[in-house]
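J.: As input, take protein_24.tsv (TSV, C-alpha atoms and all ligand atoms):
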chain	number	residue	atom	x	y	z
A	1	MET	CA	121.09	90.41	107.83
A	2	ARG	CA	118.54	89.38	105.24
A	3	ILE	CA	117.39	92.47	103.39
A	4	ASN	CA	113.76	93.51	103.20
A	5	ARG	CA	112.63	92.83	99.64
A	6	VAL	CA	109.95	95.52	99.78
A	7	LYS	CA	112.50	98.17	100.79
A	8	GLN	CA	114.85	96.91	98.07
A	9	LEU	CA	112.11	97.29	95.43
A	10	TRP	CA	111.50	100.83	96.67
A	11	ARG	CA	115.20	101.66	96.40
A	12	GLU	CA	114.94	100.49	92.77
A	13	GLY	CA	111.91	102.75	92.25
A	14	LYS	CA	109.54	99.79	91.82
A	15	PRO	CA	106.18	99.11	93.48
A	16	ALA	CA	105.77	96.09	95.75
A	17	ILE	CA	102.65	94.01	95.13
A	18	GLY	CA	101.29	91.68	97.78
A	19	GLY	CA	98.46	89.73	99.29
A	20	PHE	CA	96.75	89.21	102.64
A	21	LEU	CA	96.43	85.95	104.54
A	22	SER	CA	93.34	85.43	106.67
A	23	ILE	CA	93.08	81.63	106.90
A	24	PRO	CA	95.03	79.98	109.75
A	25	SER	CA	96.90	77.51	107.56
A	26	CYS	CA	100.60	77.01	106.82
A	27	LEU	CA	99.69	75.26	103.59
A	28	SER	CA	97.62	78.12	102.21
A	29	ALA	CA	100.33	80.58	103.36
A	30	GLU	CA	102.96	78.56	101.51
A	31	ALA	CA	100.74	78.23	98.43
A	32	MET	CA	100.23	82.02	98.35
A	33	ALA	CA	103.98	82.50	98.75
A	34	HIS	CA	104.45	80.61	95.48
A	35	THR	CA	102.38	82.97	93.33
A	36	GLY	CA	104.93	85.66	92.42
A	37	LEU	CA	103.78	88.27	94.93
A	38	ASP	CA	106.48	90.39	96.63
A	39	TRP	CA	105.00	90.41	100.14
A	40	LEU	CA	102.34	88.70	102.17
A	41	CYS	CA	100.62	90.18	105.20
A	42	LEU	CA	99.28	87.88	107.90
A	43	ASP	CA	96.11	89.65	109.00
A	44	MET	CA	95.57	89.47	112.76
A	45	GLN	CA	93.03	92.32	112.66
A	46	HIS	CA	90.31	90.86	110.45
A	47	GLY	CA	91.77	87.49	109.49
A	48	CYS	CA	91.13	84.42	111.68
A	49	LEU	CA	94.72	84.42	112.96
A	50	ASP	CA	96.05	84.29	116.52
A	51	TYR	CA	99.71	84.50	117.53
A	52	SER	CA	99.95	80.69	117.62
A	53	ASP	CA	98.80	80.65	113.97
A	54	VAL	CA	101.12	83.47	112.93
A	55	VAL	CA	104.41	81.89	114.06
A	56	PRO	CA	104.24	78.72	111.89
A	57	MET	CA	102.72	80.70	109.00
A	58	LEU	CA	105.73	83.06	109.08
A	59	THR	CA	107.91	79.96	108.85
A	60	ALA	CA	105.89	78.75	105.85
A	61	VAL	CA	106.21	82.09	104.03
A	62	SER	CA	109.92	82.23	104.76
A	63	THR	CA	110.53	79.11	102.67
A	64	THR	CA	110.40	81.67	99.81
A	65	ALA	CA	111.79	85.14	99.01
A	66	VAL	CA	108.42	86.74	99.82
A	67	THR	CA	108.62	89.43	102.53
A	68	PRO	CA	106.44	88.47	105.53
A	69	LEU	CA	104.44	91.26	107.19
A	70	VAL	CA	101.79	91.18	109.90
A	71	ARG	CA	98.80	93.44	110.36
A	72	VAL	CA	98.48	93.57	114.14
A	73	PRO	CA	94.99	93.65	115.68
A	74	TRP	CA	95.57	97.10	117.18
A	75	ASN	CA	98.29	99.65	117.87
A	76	GLU	CA	99.70	97.77	120.87
A	77	PRO	CA	103.49	97.69	121.39
A	78	ALA	CA	103.34	94.22	122.99
A	79	MET	CA	101.90	92.52	119.90
A	80	ILE	CA	104.03	94.56	117.49
A	81	MET	CA	107.17	93.40	119.32
A	82	LYS	CA	106.00	89.78	119.51
A	83	VAL	CA	105.36	89.47	115.75
A	84	LEU	CA	108.69	91.12	114.94
A	85	ASP	CA	110.44	88.70	117.33
A	86	ALA	CA	108.74	85.85	115.44
A	87	GLY	CA	110.23	87.01	112.14
A	88	ALA	CA	107.78	89.45	110.58
A	89	TYR	CA	109.78	91.96	108.55
A	90	GLY	CA	107.32	94.74	109.27
A	91	VAL	CA	103.94	95.59	110.71
A	92	ILE	CA	100.84	97.24	109.34
A	93	VAL	CA	99.15	99.07	112.20
A	94	PRO	CA	95.41	99.73	111.79
A	95	MET	CA	93.42	102.86	112.63
A	96	VAL	CA	96.28	105.28	113.33
A	97	SER	CA	94.57	108.61	113.95
A	98	ASN	CA	97.14	111.15	115.11
A	99	ARG	CA	100.84	111.89	115.62
A	100	ALA	CA	101.02	110.34	119.11
A	101	GLU	CA	99.58	107.06	117.80
A	102	ALA	CA	101.97	107.04	114.85
A	103	GLU	CA	104.92	107.68	117.19
A	104	ARG	CA	103.75	104.83	119.44
A	105	ALA	CA	103.78	102.42	116.47
A	106	VAL	CA	107.20	103.56	115.23
A	107	ALA	CA	108.76	103.33	118.71
A	108	ALA	CA	107.56	99.73	119.11
A	109	CYS	CA	109.38	98.77	115.89
A	110	ARG	CA	112.79	100.29	116.79
A	111	TYR	CA	115.39	99.32	119.37
A	112	PRO	CA	116.70	101.98	121.78
A	113	PRO	CA	117.80	104.68	121.47
A	114	ALA	CA	115.51	105.19	118.46
A	115	GLY	CA	112.53	103.42	120.05
A	116	ILE	CA	111.31	101.19	122.86
A	117	ARG	CA	111.49	97.73	121.24
A	118	SER	CA	112.63	95.20	123.82
A	119	ASN	CA	115.48	92.83	122.97
A	120	GLY	CA	114.46	89.21	122.42
A	121	PRO	CA	114.28	88.24	118.75
A	122	ASN	CA	113.71	84.50	118.73
A	123	ARG	CA	112.71	83.17	115.30
A	124	ALA	CA	113.70	86.55	113.83
A	125	VAL	CA	117.39	85.67	114.26
A	126	TYR	CA	117.04	82.44	112.25
A	127	TYR	CA	115.17	84.28	109.50
A	128	GLY	CA	117.06	87.59	109.56
A	129	GLY	CA	120.56	86.51	110.52
A	130	ALA	CA	122.92	86.58	113.51
A	131	ASP	CA	123.45	90.35	113.16
A	132	TYR	CA	119.69	90.93	113.46
A	133	GLN	CA	119.69	93.37	116.39
A	134	LYS	CA	122.41	95.50	114.81
A	135	ASN	CA	120.50	96.00	111.55
A	136	ALA	CA	116.83	95.37	112.35
A	137	ASP	CA	115.86	99.04	112.64
A	138	GLY	CA	116.88	99.59	109.01
A	139	GLU	CA	114.94	96.59	107.66
A	140	MET	CA	111.69	96.41	109.69
A	141	LEU	CA	108.83	98.28	108.04
A	142	CYS	CA	106.56	100.38	110.23
A	143	ILE	CA	103.41	101.06	108.23
A	144	ALA	CA	100.53	103.08	109.69
A	145	MET	CA	97.02	102.79	108.30
A	146	ILE	CA	95.07	105.97	107.60
A	147	GLU	CA	91.38	105.09	107.53
A	148	THR	CA	89.64	106.96	110.36
A	149	ALA	CA	87.97	110.38	110.20
A	150	GLU	CA	90.53	111.77	112.66
A	151	GLY	CA	93.35	110.18	110.65
A	152	ILE	CA	92.10	111.85	107.47
A	153	GLU	CA	91.94	115.20	109.27
A	154	LYS	CA	95.43	114.75	110.76
A	155	MET	CA	97.08	112.97	107.80
A	156	GLU	CA	99.90	115.50	107.60
A	157	ASP	CA	100.82	115.00	111.29
A	158	ILE	CA	100.79	111.22	110.84
A	159	ILE	CA	102.66	111.08	107.55
A	160	SER	CA	105.43	113.40	108.76
A	161	THR	CA	106.17	111.20	111.81
A	162	PRO	CA	109.94	110.55	111.93
A	163	GLY	CA	110.77	106.89	111.30
A	164	LEU	CA	107.46	105.98	109.66
A	165	ASP	CA	108.15	104.02	106.45
A	166	ALA	CA	104.75	104.04	104.79
A	167	VAL	CA	101.09	104.87	105.11
A	168	TYR	CA	98.57	102.20	104.13
A	169	ILE	CA	95.03	103.12	103.15
A	170	GLY	CA	92.17	100.88	104.26
A	171	PRO	CA	89.58	101.72	101.59
A	172	THR	CA	86.49	100.39	103.35
A	173	ASP	CA	87.14	102.03	106.72
A	174	LEU	CA	88.13	105.17	104.81
A	175	ALA	CA	84.75	105.02	103.05
A	176	LEU	CA	82.88	104.64	106.37
A	177	SER	CA	84.86	107.60	107.73
A	178	LEU	CA	83.62	109.64	104.77
A	179	ASP	CA	80.04	108.51	105.45
A	180	LEU	CA	80.05	106.29	102.35
A	181	PRO	CA	79.19	102.57	102.04
A	182	PRO	CA	82.22	100.33	102.85
A	183	VAL	CA	83.13	99.52	99.23
A	184	MET	CA	86.67	98.25	98.62
A	185	ASP	CA	87.40	99.27	95.01
A	186	ASN	CA	85.80	102.65	95.38
A	187	ASP	CA	85.01	105.21	92.65
A	188	ASP	CA	83.14	107.71	94.77
A	189	PRO	CA	84.65	111.14	93.97
A	190	ARG	CA	85.16	111.98	97.67
A	191	HIS	CA	86.94	108.66	98.23
A	192	VAL	CA	89.08	109.14	95.11
A	193	ALA	CA	89.97	112.70	96.20
A	194	THR	CA	90.90	111.61	99.74
A	195	VAL	CA	93.10	108.79	98.42
A	196	ALA	CA	94.82	111.28	96.08
A	197	ARG	CA	95.36	113.71	98.98
A	198	ILE	CA	96.98	111.00	101.12
A	199	LEU	CA	99.23	110.00	98.20
A	200	ALA	CA	100.26	113.63	97.59
A	201	THR	CA	101.01	114.15	101.31
A	202	CYS	CA	103.13	110.98	101.32
A	203	ARG	CA	105.06	112.29	98.31
A	204	LYS	CA	105.59	115.66	100.05
A	205	HIS	CA	107.12	113.96	103.11
A	206	LYS	CA	108.96	111.23	101.12
A	207	VAL	CA	106.95	108.49	102.84
A	208	LYS	CA	105.82	105.47	100.85
A	209	ALA	CA	102.12	105.10	100.03
A	210	ALA	CA	100.28	101.79	100.14
A	211	MET	CA	96.78	100.87	98.99
A	212	HIS	CA	94.52	97.87	99.57
A	213	THR	CA	92.36	96.55	96.70
A	214	GLY	CA	90.15	93.63	95.77
A	215	SER	CA	91.10	93.21	92.11
A	216	ALA	CA	93.85	93.39	89.50
A	217	LYS	CA	91.98	96.24	87.80
A	218	TYR	CA	92.28	98.50	90.83
A	219	THR	CA	95.76	97.24	91.73
A	220	GLN	CA	96.89	98.34	88.27
A	221	ARG	CA	95.11	101.67	88.66
A	222	TYR	CA	96.94	102.42	91.92
A	223	ILE	CA	100.30	101.27	90.51
A	224	ASP	CA	99.73	103.65	87.60
A	225	GLN	CA	98.71	106.42	90.02
A	226	GLY	CA	102.11	106.04	91.73
A	227	PHE	CA	101.44	103.93	94.82
A	228	ASP	CA	104.57	102.18	96.12
A	229	MET	CA	102.78	99.18	97.60
A	230	VAL	CA	99.48	97.64	96.54
A	231	MET	CA	97.52	94.70	97.92
A	232	LEU	CA	96.05	92.57	95.13
A	233	VAL	CA	94.03	89.87	96.85
A	234	ASN	CA	93.54	87.85	100.01
A	235	GLU	CA	93.63	84.08	99.87
A	236	ARG	CA	90.04	83.55	101.04
A	237	LEU	CA	88.59	85.65	98.25
A	238	ALA	CA	91.11	84.28	95.72
A	239	MET	CA	89.82	80.78	96.44
A	240	GLN	CA	86.16	81.76	96.50
A	241	ASN	CA	86.30	83.96	93.40
A	242	TYR	CA	88.20	81.36	91.38
A	243	VAL	CA	85.79	78.54	92.22
A	244	LYS	CA	82.75	80.76	91.63
A	245	ALA	CA	84.09	81.75	88.21
A	246	GLU	CA	84.70	78.10	87.29
A	247	VAL	CA	81.27	77.08	88.60
A	248	SER	CA	79.61	79.75	86.47
A	249	LYS	CA	81.14	78.22	83.32
A	250	LEU	CA	79.43	74.84	83.77
A	251	THR	CA	76.28	73.94	81.92
A	252	GLY	CA	73.78	71.11	82.49
A	253	TRP	CA	74.02	71.49	86.26
A	254	THR	CA	72.55	73.85	88.86
A	255	PRO	CA	74.95	75.20	91.52
A	256	LEU	CA	73.75	75.45	95.13
A	257	ALA	CA	72.36	78.89	95.85
A	258	ASN	CA	74.16	79.59	99.19
B	1	LIG	C1	89.92	98.58	105.04
B	1	LIG	O1	89.41	98.49	103.92
B	1	LIG	O2	89.53	99.37	105.91
B	1	LIG	C2	91.04	97.74	105.37
B	1	LIG	O3	91.57	97.87	106.45
B	1	LIG	C3	91.48	96.70	104.41
B	1	LIG	O4	91.75	95.51	105.05
B	2	MG	MG	90.43	98.92	107.88
I'd like the structure from this file rewritten - as structure tokens, please.

T.:
Amino acid sequence: MRINRVKQLWREGKPAIGGFLSIPSCLSAEAMAHTGLDWLCLDMQHGCLDYSDVVPMLTAVSTTAVTPLVRVPWNEPAMIMKVLDAGAYGVIVPMVSNRAEAERAVAACRYPPAGIRSNGPNRAVYYGGADYQKNADGEMLCIAMIETAEGIEKMEDIISTPGLDAVYIGPTDLALSLDLPPVMDNDDPRHVATVARILATCRKHKVKAAMHTGSAKYTQRYIDQGFDMVMLVNERLAMQNYVKAEVSKLTGWTPLAN
């Protein structure tokens, strides 16, 4: 069975740094897989990706050592099982608000008797190996997002869910839940304090903590703060920000004001 690189980094006490994919393209997925990042997450929640986009994009990412993850659109066992069968090595489940929802996500990621995952890995066997079913429960990451008001209130119940590998903070939904503007790299003291409380609760229960950012500055900040997994950039913004920065360097020409 191919090992999960993110879990391996954690065993070595190192953080895993990754990116998000939102453009339905195998070529951009493969290009992002050649940037040095540890993991890439195909974003079915807010990215423009359907299942028929995800399957070939997982194949593109798996031409490299990058760990492929999928953020599913919602906490639905059917989609969690389908993306794992297609070779995702873990799922990020949005908007998990209480213990029952966290248990539902974990169960979908584990074969019986630990969970309710149905047998039928298709591409996953080619990517993971012939002994996939025997070892999958130990390699697949189940990551629950804490970003709702109820989730903040019940973080301890969620984080202490048996079998949950990590908790992933969605900073903009977290901000909305705190009645703040949906700013990604967020310095509001209430946001900062909530993020610190989630991290401390993860530490208490020996669950990994993951954070989403929009810049190297904040990625570094969260690495230094002790996060185990940090999202640096998504490919759409990487492209747009790079071109905008280059455009701004030109003189003797007026860029379109779109
Ligand atoms: C959030 O900021 O809420 C996220 O889910 C990041 O994608
Ligand atoms: Mg969110």

J.: Given a cut-off of 7 Å, what residues near ligand LIG 1 (chain B) show up using all atoms listed in the file, put as a PDB file with C-alpha atoms, in the frame of the given file?

T.:
ATOM      1  CA  PRO A  94      95.410  99.730 111.790  1.00  0.00           C
ATOM      2  CA  GLU A 147      91.380 105.090 107.530  1.00  0.00           C
ATOM      3  CA  GLY A 170      92.170 100.880 104.260  1.00  0.00           C
ATOM      4  CA  PRO A 171      89.580 101.720 101.590  1.00  0.00           C
ATOM      5  CA  THR A 172      86.490 100.390 103.350  1.00  0.00           C
ATOM      6  CA  ASP A 173      87.140 102.030 106.720  1.00  0.00           C
ATOM      7  CA  LEU A 174      88.130 105.170 104.810  1.00  0.00           C
ATOM      8  CA  MET A 184      86.670  98.250  98.620  1.00  0.00           C
ATOM      9  CA  HIS A 212      94.520  97.870  99.570  1.00  0.00           C
TER      10      HIS A 212
END

J.: Have a look at A:Ile223, A:Val93, A:Leu232, A:Val66 and name the one nearest to ligand MG 2 (chain B); count all atoms listed in the file.

T.: A:Val93

J.: Residues at most 9 Å from Cys48 of chain A, counting only C-alpha atoms, excluding those fewer than 5 positions away in the same chain, as a PyMOL selection string?

T.: chain A and resi 22-24+43+53

J.: Enumerate as JSON, numbers by chain the residues within 12 Å of ligand MG 2 (chain B), counting all atoms listed in the file.

T.: {"A": [43, 44, 45, 46, 47, 71, 72, 73, 74, 92, 93, 94, 95, 96, 144, 145, 146, 147, 148, 149, 151, 168, 169, 170, 171, 172, 173, 174, 175, 176, 177, 182, 183, 184, 211, 212, 213]}

J.: Expressed in Å to a single decimal, how great is the separation between atom CA of Val167 of chain A and atom CA of Lys208 of chain A?

T.: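 Between atom CA of Val167 of chain A and atom CA of Lys208 of chain A the gap works out to 6.4 Å.
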
J.: Please determine, counting all atoms listed in the file, which residue among A:Asn75, A:Asn119, A:Thr35, A:Ser215 has the shortest atom-to-atom distance to Glu101 of chain A.

T.: A:Asn75

J.: At what distance in Å, to one decimal, does atom CA of Ala245 of chain A lie from atom CA of Gln225 of chain A?

T.: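 Separation between atom CA of Gln225 of chain A and atom CA of Ala245 of chain A: 28.7 Å.
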